[in-house]
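A.B. asks: I'd like to ask you about the structure that follows.
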Amino acid sequence: MTDVERPPPIVGIDLGTTNSLVAWLDGETPRVIADPATGEVIVPSVVSFPAAGDPIVGNEARALAPIAPATTIQSVKRFMGLGPEHVSAADRQRYTFVDGDRGVVRFVIGDRSYTPPEISAFVLKELKRRAEAALGCAIRKAVVTVPAYFNDSQRQATKDAGRLAGLEVLRLVNEPTAAALAYGLDRANEGTVAVYDFGGGTFDVSILKMERGIFEVKATGGDTRLGGDDADEIVAAWLLAGADLPADAAARRDLQARARRAAEEAKCRLSSTAATDITVALASGQTIARRLTRAEFDRLVAPIVERTLAPCRQALADAGLEPADVTAVVLVGGSTRMPLVRTKVAELFGREPLCSLDPDQVVALGAGVQAGILGGRRKDMLLLDVVPLSLGIETMGGVMTRLIERNTTIPTSHRETFTTAVDNQTAVALHVLQGERELAQDCRSLARFSIPIEPATAGFPRVDVTFMIDANGILNVTARDVRTGRERSLDVKPSYGLSDEEIERMLEESIDFAEEDVAARLLAEARTEAESLIRQVERTIHDSPARLADGEEDAIRGAIAALGAALQETDYNRIRDLAQALSDASTPFAHRIMEASLKHALESKPAGGDPWA
Amino acid sequence: MTTNPETSLCLQCGKPAADQLVCSGCGVVAPDGSETDYFGVFDLPRNLTIDLDDLERRYYALSREFHPDFFHDRPPAEQAASLRLTAIVNRAYKTLRDPVPRALYWLELHGESLGRDNGRVPPALAARVFAVQEQLEDLRAARARGAAAAERDALAVVRDELRSDLRAAQARLASSFAAGDSTSATALAETKQLVSELHYLRTLLRDVEKEL
C-alpha cells in the first residue's frame, strides 16, 4: 500500500454508572488515558447543571451532588433506554421528571428537559476532550462498553449518546467481554473463563471460551438494575433509621444525598477494615453518628450479593457447564471490592477469583483493545459475542413468539414471511419484543413497525421481514416484497428511543454545533464519507485487481471521477447521490471478492493445518 | 403468520440459488441464508456424525475471514455482505454443533419434519411427563405454604434422574449417528423418535431446573 496518513486512533470508552474512563491501544498495549492537566484517569459519571453557564462534569459535579442534588444527575446510566413508567419512587423523590407515561425518560432541569443520552453525552464529551488533549489529535471514532445484559433500547440509547457527543460509535462491546479481552492478552489465561462484573449500577456475568485469540461468549446473564448503588441505599437507610427526618422535601433530599455519600465512603473503608465510624451532619446542626462493623455490613448487603448468584448459575446452565468446568474467574467492577462478594464468588465457582488487573480500569482497557482490533492493529484477536435476551414478536392473544433465542452468537438473523388477513389490508403491523417471559405484556417493548402493503386479496401479498441483530446487539428490521423483490420501507416507532429527527434537532441545539451552519456541517459530513468511500474502493481495486470483470474498472473509475469532481463543488446532495452511484457500481465487485474469500477460507482450512495450532 | 416455501430463487438475479451461501449466478450473498445448506457452509458432507473439534476450527476460520469487525473500513457492499455471511455462519454453527438441532435439521433435509408431532409427548414419556408436572405443582403449592424442603429434595432426585437419562439418550443418538447415516425409512423413523424423546427430556429438565 502507498503511504497513507496514519488515521487518528479509535478510542475505547468505559461509560460506567459511577465512573467513566477512556483508553486506547498504544502499539500493542492498551493504556488508560489520563487528563494531561490533572493526571486523573477517572471521570465520575456525574453531570451538574448550574443555574447559568455550561454543565459541569466529573469530580467537580460529584462534589456538587450533596449541595444541589436535584440538578446534579448521578448514575444516569440507570435511566438509559427506559420510559417514565420504569422510574422508581426513590428516583422520583430525588429528581424531577417531565410528566407523561410514554416515550423516553426526561429530566427537568430549570426551564428545559434532558434525556439520558443527552446527559451521558456530556460525560462522553469530557472523555473525548481529554483524549484529544492527551493524544494531540481529533478523536472521531470510539468503541463504547455497555452492560452485557443491556437490551436493545439501552444499547441504542448509548449509541445515540455517542452521536450527540460527536463520536461515531463503531462498536458497542459488552463490559464483561471487554474485561476478558484485557485479561486474554495474556495467553496464560486461556480456557473457560467466568467474568463476574459488579459495577455501580449493573451486574453482569459472562462465560467465555478463550482459545487462540478467539473470545467466544457461551452465555451471559445479569441484572441491569443491581449494583453497588443499592448497597449504598441500604446502608444509608440503616444510617437514617430512627433519625428525625426533616418534613420538607428539599431538606430530606439533601439529607438523603449526604447519607448516601457517607454510606458509600463507609462501604469503601470496610473493604479493608473491620469497623468504621460514620457521621452525617443534619441541617439542624445535630449529627447522626453510628459505628458499622464488617459483620453488620455483610448482613445488610447479603441479599444484594445473593441476587447476583442466580444469574451466575443460569449462565452456567445456559452454557451447558458445571462450576468445575470453569478454569478461571475474573472480577470486574468496583463493587467486587466488597469482601463478601469475593467469598461468595469463590464459594460458587470453587476457586479463587483473579483480580490482577485494576477492577476499575479493566473494562476500559478491554475497550481499548477492541478499538485496536477495529483499527486493524490486532488481526489475531476476535470477539464472538451473544445477544443477552430473546427477541420476538407479539402474536395472537398477546403471546411473545420468540424468533431469536438468548445467547445466540451475533450477528444473527431470522426471516419470517407475513401476509394479510383481510382483503385490501394496506399495512402489516409488527410489535417487536425482548425478554424471556411468555406474555408480550411481561416483555420489554422495543418498537412497533408498520409495513405498507398494496391493496390485494387477503393472503396474496407476501412480505419477507428480516430481523438482523448486528455485532452491537442492536436490531435492524428490513422488509422485502416477495413477488417484486423490492425493499419495503418501514415505519418505525421505537418504544423508548429517540427518533433520528429528534437526535438531529438535539445536535443542532447543542452548544458545540450552534455556531456552525447546518448546511456547512452536512457538506463536511458528505465530503468525509465520500472521500473515505473513494479510498476504500481504490484500495480494494489495488488489492484484488484479478476480481474485476471486463470494463468494470472503467465504470468504477468513471464513478470515482464524477464523485471527485462533485467534491470540488458544495452541493452535498449531489455528493451523496454520486457516492451512492459509486457504491452501487462497485457492489458486484465487492460480492465477487467475498465469494473468493469464502472459497479461500474453506479451502485453506483444516487439512492444510490450522494457523493457530 | 405463514412461512414461504417459494423463495429458493436468488433475489438478485432470479436464478435458482437454493442451497448456497453465495449465489453462483451473480455472486450476491443470500439475503439471510434461510435456504442455505448448513453442512455446505462448512464444506462438510450431509452426515449426522460430525467431528466437533473440526467443526469448531472451520467455524473459527470462517469467522476470522468474515466477521464485521474486520470490515468496518471496507466499502459498504462488503460490510453488508460480511454482516449477512457472518449471521448465516453463526446460525449454521448453532444448528450443527448441538446434536438435537443438527438431527432435526438433518431430518428436515430428508423430508422428515418433526413439526407435526412436535407438540405431542412421545408415548414412552407420557407417564413420566405427567408425574413430573405433578411434582412441580406440589413444590409450588408447598412454597406457597412456606415449607418446601421435602418437595425440593424430591424434585432434586427427579432432576438427577432426568440428567442421567438425557445423557443415555444422547449416547443412543450418537451411536445411531455412528451407525452410518442411513436414510432408509426405518432408520429415519428411529432417529426421529430418538430426537423427539431427547427434545422432551431437555424441556422437562429445563422446567425442573428453573423451579429448583
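Chain labels run A, B, ... following the order of the C-alpha cells; each chain numbers its residues from 1, and ligands are numbered from 1 in the order shown.
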May I have the residues of chain A within 6 Å of chain B, counting only C-alpha atoms, written as a PyMOL selection string?

C.D. replies: chain A and resi 374+411-413+417-418+536+587+590-592+601

A.B. asks: Just list as a PyMOL selection string whatever in stretch 5-173 of chain A DSSP marks as strand (DSSP E or B).

C.D. replies: chain A and resi 11-15+19-26+29-32+43-44+46-48+56-57+72-74+97+107-109+112-114+141-146+168-173

A.B. asks: For atom CA of A:Ala236 and atom CA of A:Pro359, quote the distance in Å rounded to one decimal.

C.D. replies: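 Value for the atom CA of A:Ala236-atom CA of A:Pro359 distance: 24.5 Å.
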